[in-house]
file start_15.csv (CSV, C-alpha atoms and all ligand atoms)
chain,number,residue,atom,x,y,z
A,1,MET,CA,-21.8,0.9,10.6
A,2,SER,CA,-23.6,3.2,13.0
A,3,MET,CA,-25.8,6.1,11.9
A,4,THR,CA,-23.1,8.6,12.9
A,5,GLU,CA,-20.5,6.9,10.7
A,6,PHE,CA,-20.0,8.2,7.2
A,7,PHE,CA,-16.9,8.2,5.1
A,8,GLU,CA,-13.6,8.1,6.9
A,9,PRO,CA,-12.0,11.6,6.7
A,10,ARG,CA,-9.0,12.0,4.3
A,11,ILE,CA,-6.4,13.2,6.8
A,12,SER,CA,-3.5,15.2,5.4
A,13,ALA,CA,-0.4,16.6,7.0
A,14,ASP,CA,-2.3,19.9,7.3
A,15,THR,CA,-5.6,18.4,8.8
A,16,LYS,CA,-4.0,15.8,11.1
A,17,ALA,CA,-3.9,18.1,14.2
A,18,TYR,CA,-7.6,18.8,13.7
A,19,TRP,CA,-8.6,15.2,13.5
A,20,ASP,CA,-6.2,14.3,16.4
A,21,GLY,CA,-8.1,16.9,18.4
A,22,CYS,CA,-11.5,15.4,17.4
A,23,ARG,CA,-10.2,12.1,18.7
A,24,GLU,CA,-9.7,13.7,22.1
A,25,HIS,CA,-13.1,15.5,21.7
A,26,LYS,CA,-11.4,18.9,21.4
A,27,LEU,CA,-12.0,21.4,18.6
A,28,MET,CA,-8.5,22.3,17.6
A,29,VAL,CA,-8.6,24.9,14.8
A,30,GLN,CA,-5.7,26.2,12.7
A,31,LYS,CA,-5.0,29.9,13.2
A,32,CYS,CA,-2.8,32.1,11.0
A,33,LYS,CA,0.1,33.5,13.1
A,34,VAL,CA,0.3,36.6,10.9
A,35,CYS,CA,-3.3,37.8,10.3
A,36,GLY,CA,-5.1,35.7,12.9
A,37,ARG,CA,-7.6,34.1,10.5
A,38,LEU,CA,-9.0,30.8,11.7
A,39,ARG,CA,-9.6,28.1,9.2
A,40,ILE,CA,-11.5,24.8,8.9
A,41,PRO,CA,-10.3,22.8,7.1
A,42,ALA,CA,-6.7,23.5,7.9
A,43,SER,CA,-4.5,24.3,4.9
A,44,TYR,CA,-0.9,24.9,4.2
A,45,VAL,CA,-1.3,28.5,3.1
A,46,CYS,CA,-3.5,31.2,4.7
A,47,GLN,CA,-6.1,32.2,2.0
A,48,ASN,CA,-6.2,35.7,3.6
A,49,CYS,CA,-2.5,36.7,3.7
A,50,LEU,CA,-0.7,33.7,2.1
A,51,SER,CA,1.4,33.1,5.3
A,52,THR,CA,2.4,29.5,6.1
A,53,GLU,CA,2.9,30.3,9.8
A,54,THR,CA,0.2,28.7,11.9
A,55,GLU,CA,-0.7,27.7,15.4
A,56,LEU,CA,-3.5,25.6,16.9
A,57,VAL,CA,-6.2,27.1,19.1
A,58,GLU,CA,-8.9,25.2,21.0
A,59,MET,CA,-12.3,26.6,20.1
A,60,LYS,CA,-15.3,26.5,22.4
A,61,PRO,CA,-17.5,23.8,21.0
A,62,GLU,CA,-20.5,26.0,20.5
A,63,GLY,CA,-21.9,28.5,18.0
A,64,THR,CA,-24.9,29.3,15.9
A,65,LEU,CA,-26.5,27.4,13.1
A,66,TYR,CA,-25.7,29.2,9.9
A,67,SER,CA,-27.5,26.9,7.5
A,68,PHE,CA,-28.4,23.3,6.9
A,69,VAL,CA,-29.7,20.9,4.3
A,70,VAL,CA,-31.7,17.7,4.6
A,71,MET,CA,-30.3,15.1,2.3
A,72,HIS,CA,-33.2,12.9,1.0
A,73,ARG,CA,-31.3,11.2,-1.8
A,74,ALA,CA,-28.1,9.2,-1.3
A,75,PHE,CA,-25.3,10.7,-3.3
A,76,HIS,CA,-23.4,7.3,-3.0
A,77,PRO,CA,-24.7,3.8,-2.4
A,78,SER,CA,-22.8,3.6,0.9
A,79,VAL,CA,-25.0,6.2,2.5
A,80,GLN,CA,-28.3,4.8,1.2
A,81,ASP,CA,-29.3,3.7,4.7
A,82,LYS,CA,-28.6,7.1,6.2
A,83,VAL,CA,-31.2,9.2,4.3
A,84,PRO,CA,-32.7,11.4,5.3
A,85,TYR,CA,-29.8,13.1,7.1
A,86,ILE,CA,-28.8,16.6,8.0
A,87,VAL,CA,-25.7,18.4,7.0
A,88,ALA,CA,-25.3,21.7,8.9
A,89,THR,CA,-22.9,24.6,9.0
A,90,THR,CA,-22.3,26.2,12.3
A,91,ASP,CA,-20.6,29.6,12.9
A,92,LEU,CA,-18.1,29.1,15.8
A,93,SER,CA,-16.9,32.7,15.8
A,94,GLU,CA,-17.1,35.6,13.4
A,95,ASP,CA,-14.8,34.1,10.9
A,96,VAL,CA,-14.8,30.3,11.1
A,97,ARG,CA,-17.6,27.9,10.2
A,98,ILE,CA,-17.7,24.1,10.7
A,99,LEU,CA,-19.5,21.6,8.6
A,100,ALA,CA,-21.0,18.7,10.6
A,101,ASN,CA,-23.9,16.3,10.6
A,102,MET,CA,-26.9,16.6,12.9
A,103,PHE,CA,-28.6,13.6,14.3
A,104,ASP,CA,-31.6,13.0,16.6
A,105,VAL,CA,-33.4,16.2,15.6
A,106,ASP,CA,-36.5,16.9,13.6
A,107,PRO,CA,-35.5,19.2,10.7
A,108,ASP,CA,-38.7,21.2,11.3
A,109,GLU,CA,-37.2,22.2,14.7
A,110,LEU,CA,-34.2,23.7,13.1
A,111,LYS,CA,-33.9,27.4,12.5
A,112,CYS,CA,-30.9,29.4,11.2
A,113,GLY,CA,-29.4,31.3,14.1
A,114,ALA,CA,-30.3,28.6,16.7
A,115,GLU,CA,-27.7,27.9,19.4
A,116,VAL,CA,-25.7,24.8,18.7
A,117,THR,CA,-23.1,22.8,20.5
A,118,ILE,CA,-20.5,20.6,18.9
A,119,ASP,CA,-20.1,17.1,20.2
A,120,PHE,CA,-18.1,14.2,18.8
A,121,ALA,CA,-19.1,10.8,17.5
A,122,ASP,CA,-16.5,8.0,17.9
A,123,SER,CA,-16.0,5.2,15.4
A,124,GLU,CA,-13.2,2.6,15.5
A,125,THR,CA,-10.6,4.7,13.8
A,126,TYR,CA,-11.6,8.3,14.0
A,127,SER,CA,-14.0,10.8,15.7
A,128,ARG,CA,-16.0,13.3,13.9
A,129,PRO,CA,-17.7,16.5,15.0
A,130,ILE,CA,-21.5,16.5,15.1
A,131,ALA,CA,-23.7,19.5,15.7
A,132,LYS,CA,-26.5,19.4,18.3
A,133,LEU,CA,-29.2,21.9,19.2
A,134,LYS,CA,-28.2,23.5,22.5
A,135,GLU,CA,-30.4,22.3,25.4
A,136,LYS,CA,-32.9,24.9,26.4
A,137,LYS,CA,-32.7,25.8,30.1
A,201,ZN,ZN,-3.1,34.9,7.4
call {"tool": "encode", "arguments": {"input": "start_15.csv", "output": "structure tokens"}}
result
Amino acid sequence: MSMTEFFEPRISADTKAYWDGCREHKLMVQKCKVCGRLRIPASYVCQNCLSTETELVEMKPEGTLYSFVVMHRAFHPSVQDKVPYIVATTDLSEDVRILANMFDVDPDELKCGAEVTIDFADSETYSRPIAKLKEKK
């Protein structure tokens, strides 16, 4: 198992389109057709207006680092060889935030508000979003 592989995602009827998008390296996010609220993870009912009408929108794979944690203790034996690893939340727009690991970065370099791009890591059966610090120009 590579360093970017963790648990396989539990894919439901609601989240399948999101994970299918990840497989194509596209960030397909569910949007409420009534109130416009974006949501990750996808869900059957809009938590804002209770509508079940949705559409998919492709988000630009970039945003700002909202927060992050460095996991030093394995919460499960299967991730013992991964510690320490970073779990980050990135704001993609005003009202949607994505949870993704960060690799190949020194946690001391991370600052909330930093510019981040979302990339994808492929494994045999699925692809998962990963957050990376945006390259400085
Ligand atoms: Zn809604």
call {"tool": "residues_near_ligand", "arguments": {"input": "start_15.csv", "ligand": "ligand ZN 201 (chain A)", "cutoff": "7 Å", "atoms": "all atoms listed in the file", "output": "number ranges by chain"}}
result
A: 32-37, 46-51
call {"tool": "residues_around", "arguments": {"input": "start_15.csv", "residues": "Phe6 in chain A", "least_positions_apart": "6", "cutoff": "10 Å", "atoms": "all atoms listed in the file", "output": "JSON, numbers by chain"}}
result
{"A": [78, 79, 82, 101, 123, 128]}
call {"tool": "residues_around", "arguments": {"input": "start_15.csv", "residues": "Tyr126 in chain A", "least_positions_apart": "4", "cutoff": "12 Å", "atoms": "all atoms listed in the file", "output": "PyMOL selection string"}}
result
chain A and resi 4-11+16+18-25+120-122
call {"tool": "residues_near_point", "arguments": {"input": "start_15.csv", "point": "(-14.3, 22.7, 21.2)", "cutoff": "8 Å", "atoms": "all atoms listed in the file", "output": "list in words"}}
result
His25, Lys26, Leu27, Met28, Glu58, Met59, Lys60, Pro61, Glu62 and Ile118 of chain A
call {"tool": "residues_near_point", "arguments": {"input": "start_15.csv", "point": "(-32.8, 24.9, 13.8)", "cutoff": "10 Å", "atoms": "all atoms listed in the file", "output": "ChimeraX atom specification"}}
result
/A:64-68,88,105-116,132-134
call {"tool": "write_last_selection", "arguments": {"input": "start_15.csv", "atoms": "C-alpha atoms", "output": "mmCIF file, in the frame of the given file"}}
result
data_model
loop_
_atom_site.group_PDB
_atom_site.id
_atom_site.type_symbol
_atom_site.label_atom_id
_atom_site.label_comp_id
_atom_site.auth_asym_id
_atom_site.auth_seq_id
_atom_site.Cartn_x
_atom_site.Cartn_y
_atom_site.Cartn_z
ATOM 1 C CA THR A 64 -24.900 29.300 15.900
ATOM 2 C CA LEU A 65 -26.500 27.400 13.100
ATOM 3 C CA TYR A 66 -25.700 29.200 9.900
ATOM 4 C CA SER A 67 -27.500 26.900 7.500
ATOM 5 C CA PHE A 68 -28.400 23.300 6.900
ATOM 6 C CA ALA A 88 -25.300 21.700 8.900
ATOM 7 C CA VAL A 105 -33.400 16.200 15.600
ATOM 8 C CA ASP A 106 -36.500 16.900 13.600
ATOM 9 C CA PRO A 107 -35.500 19.200 10.700
ATOM 10 C CA ASP A 108 -38.700 21.200 11.300
ATOM 11 C CA GLU A 109 -37.200 22.200 14.700
ATOM 12 C CA LEU A 110 -34.200 23.700 13.100
ATOM 13 C CA LYS A 111 -33.900 27.400 12.500
ATOM 14 C CA CYS A 112 -30.900 29.400 11.200
ATOM 15 C CA GLY A 113 -29.400 31.300 14.100
ATOM 16 C CA ALA A 114 -30.300 28.600 16.700
ATOM 17 C CA GLU A 115 -27.700 27.900 19.400
ATOM 18 C CA VAL A 116 -25.700 24.800 18.700
ATOM 19 C CA LYS A 132 -26.500 19.400 18.300
ATOM 20 C CA LEU A 133 -29.200 21.900 19.200
ATOM 21 C CA LYS A 134 -28.200 23.500 22.500
#
call {"tool": "atom_distance", "arguments": {"input": "start_15.csv", "atom1": "CA of Gln30 in chain A", "atom2": "CA of Asp119 in chain A"}}
result
18.6 Å
call {"tool": "atom_distance", "arguments": {"input": "start_15.csv", "atom1": "CA of Gln80 in chain A", "atom2": "CA of Leu99 in chain A"}}
result
20.4 Å
call {"tool": "atom_distance", "arguments": {"input": "start_15.csv", "atom1": "CA of Thr15 in chain A", "atom2": "CA of Arg97 in chain A"}}
result
15.4 Å
call {"tool": "closest_residue", "arguments": {"input": "start_15.csv", "among": "A:Gly63, A:Asp81, A:Tyr44, A:Thr117", "to": "Asp95 in chain A", "atoms": "all atoms listed in the file"}}
result
A:Gly63
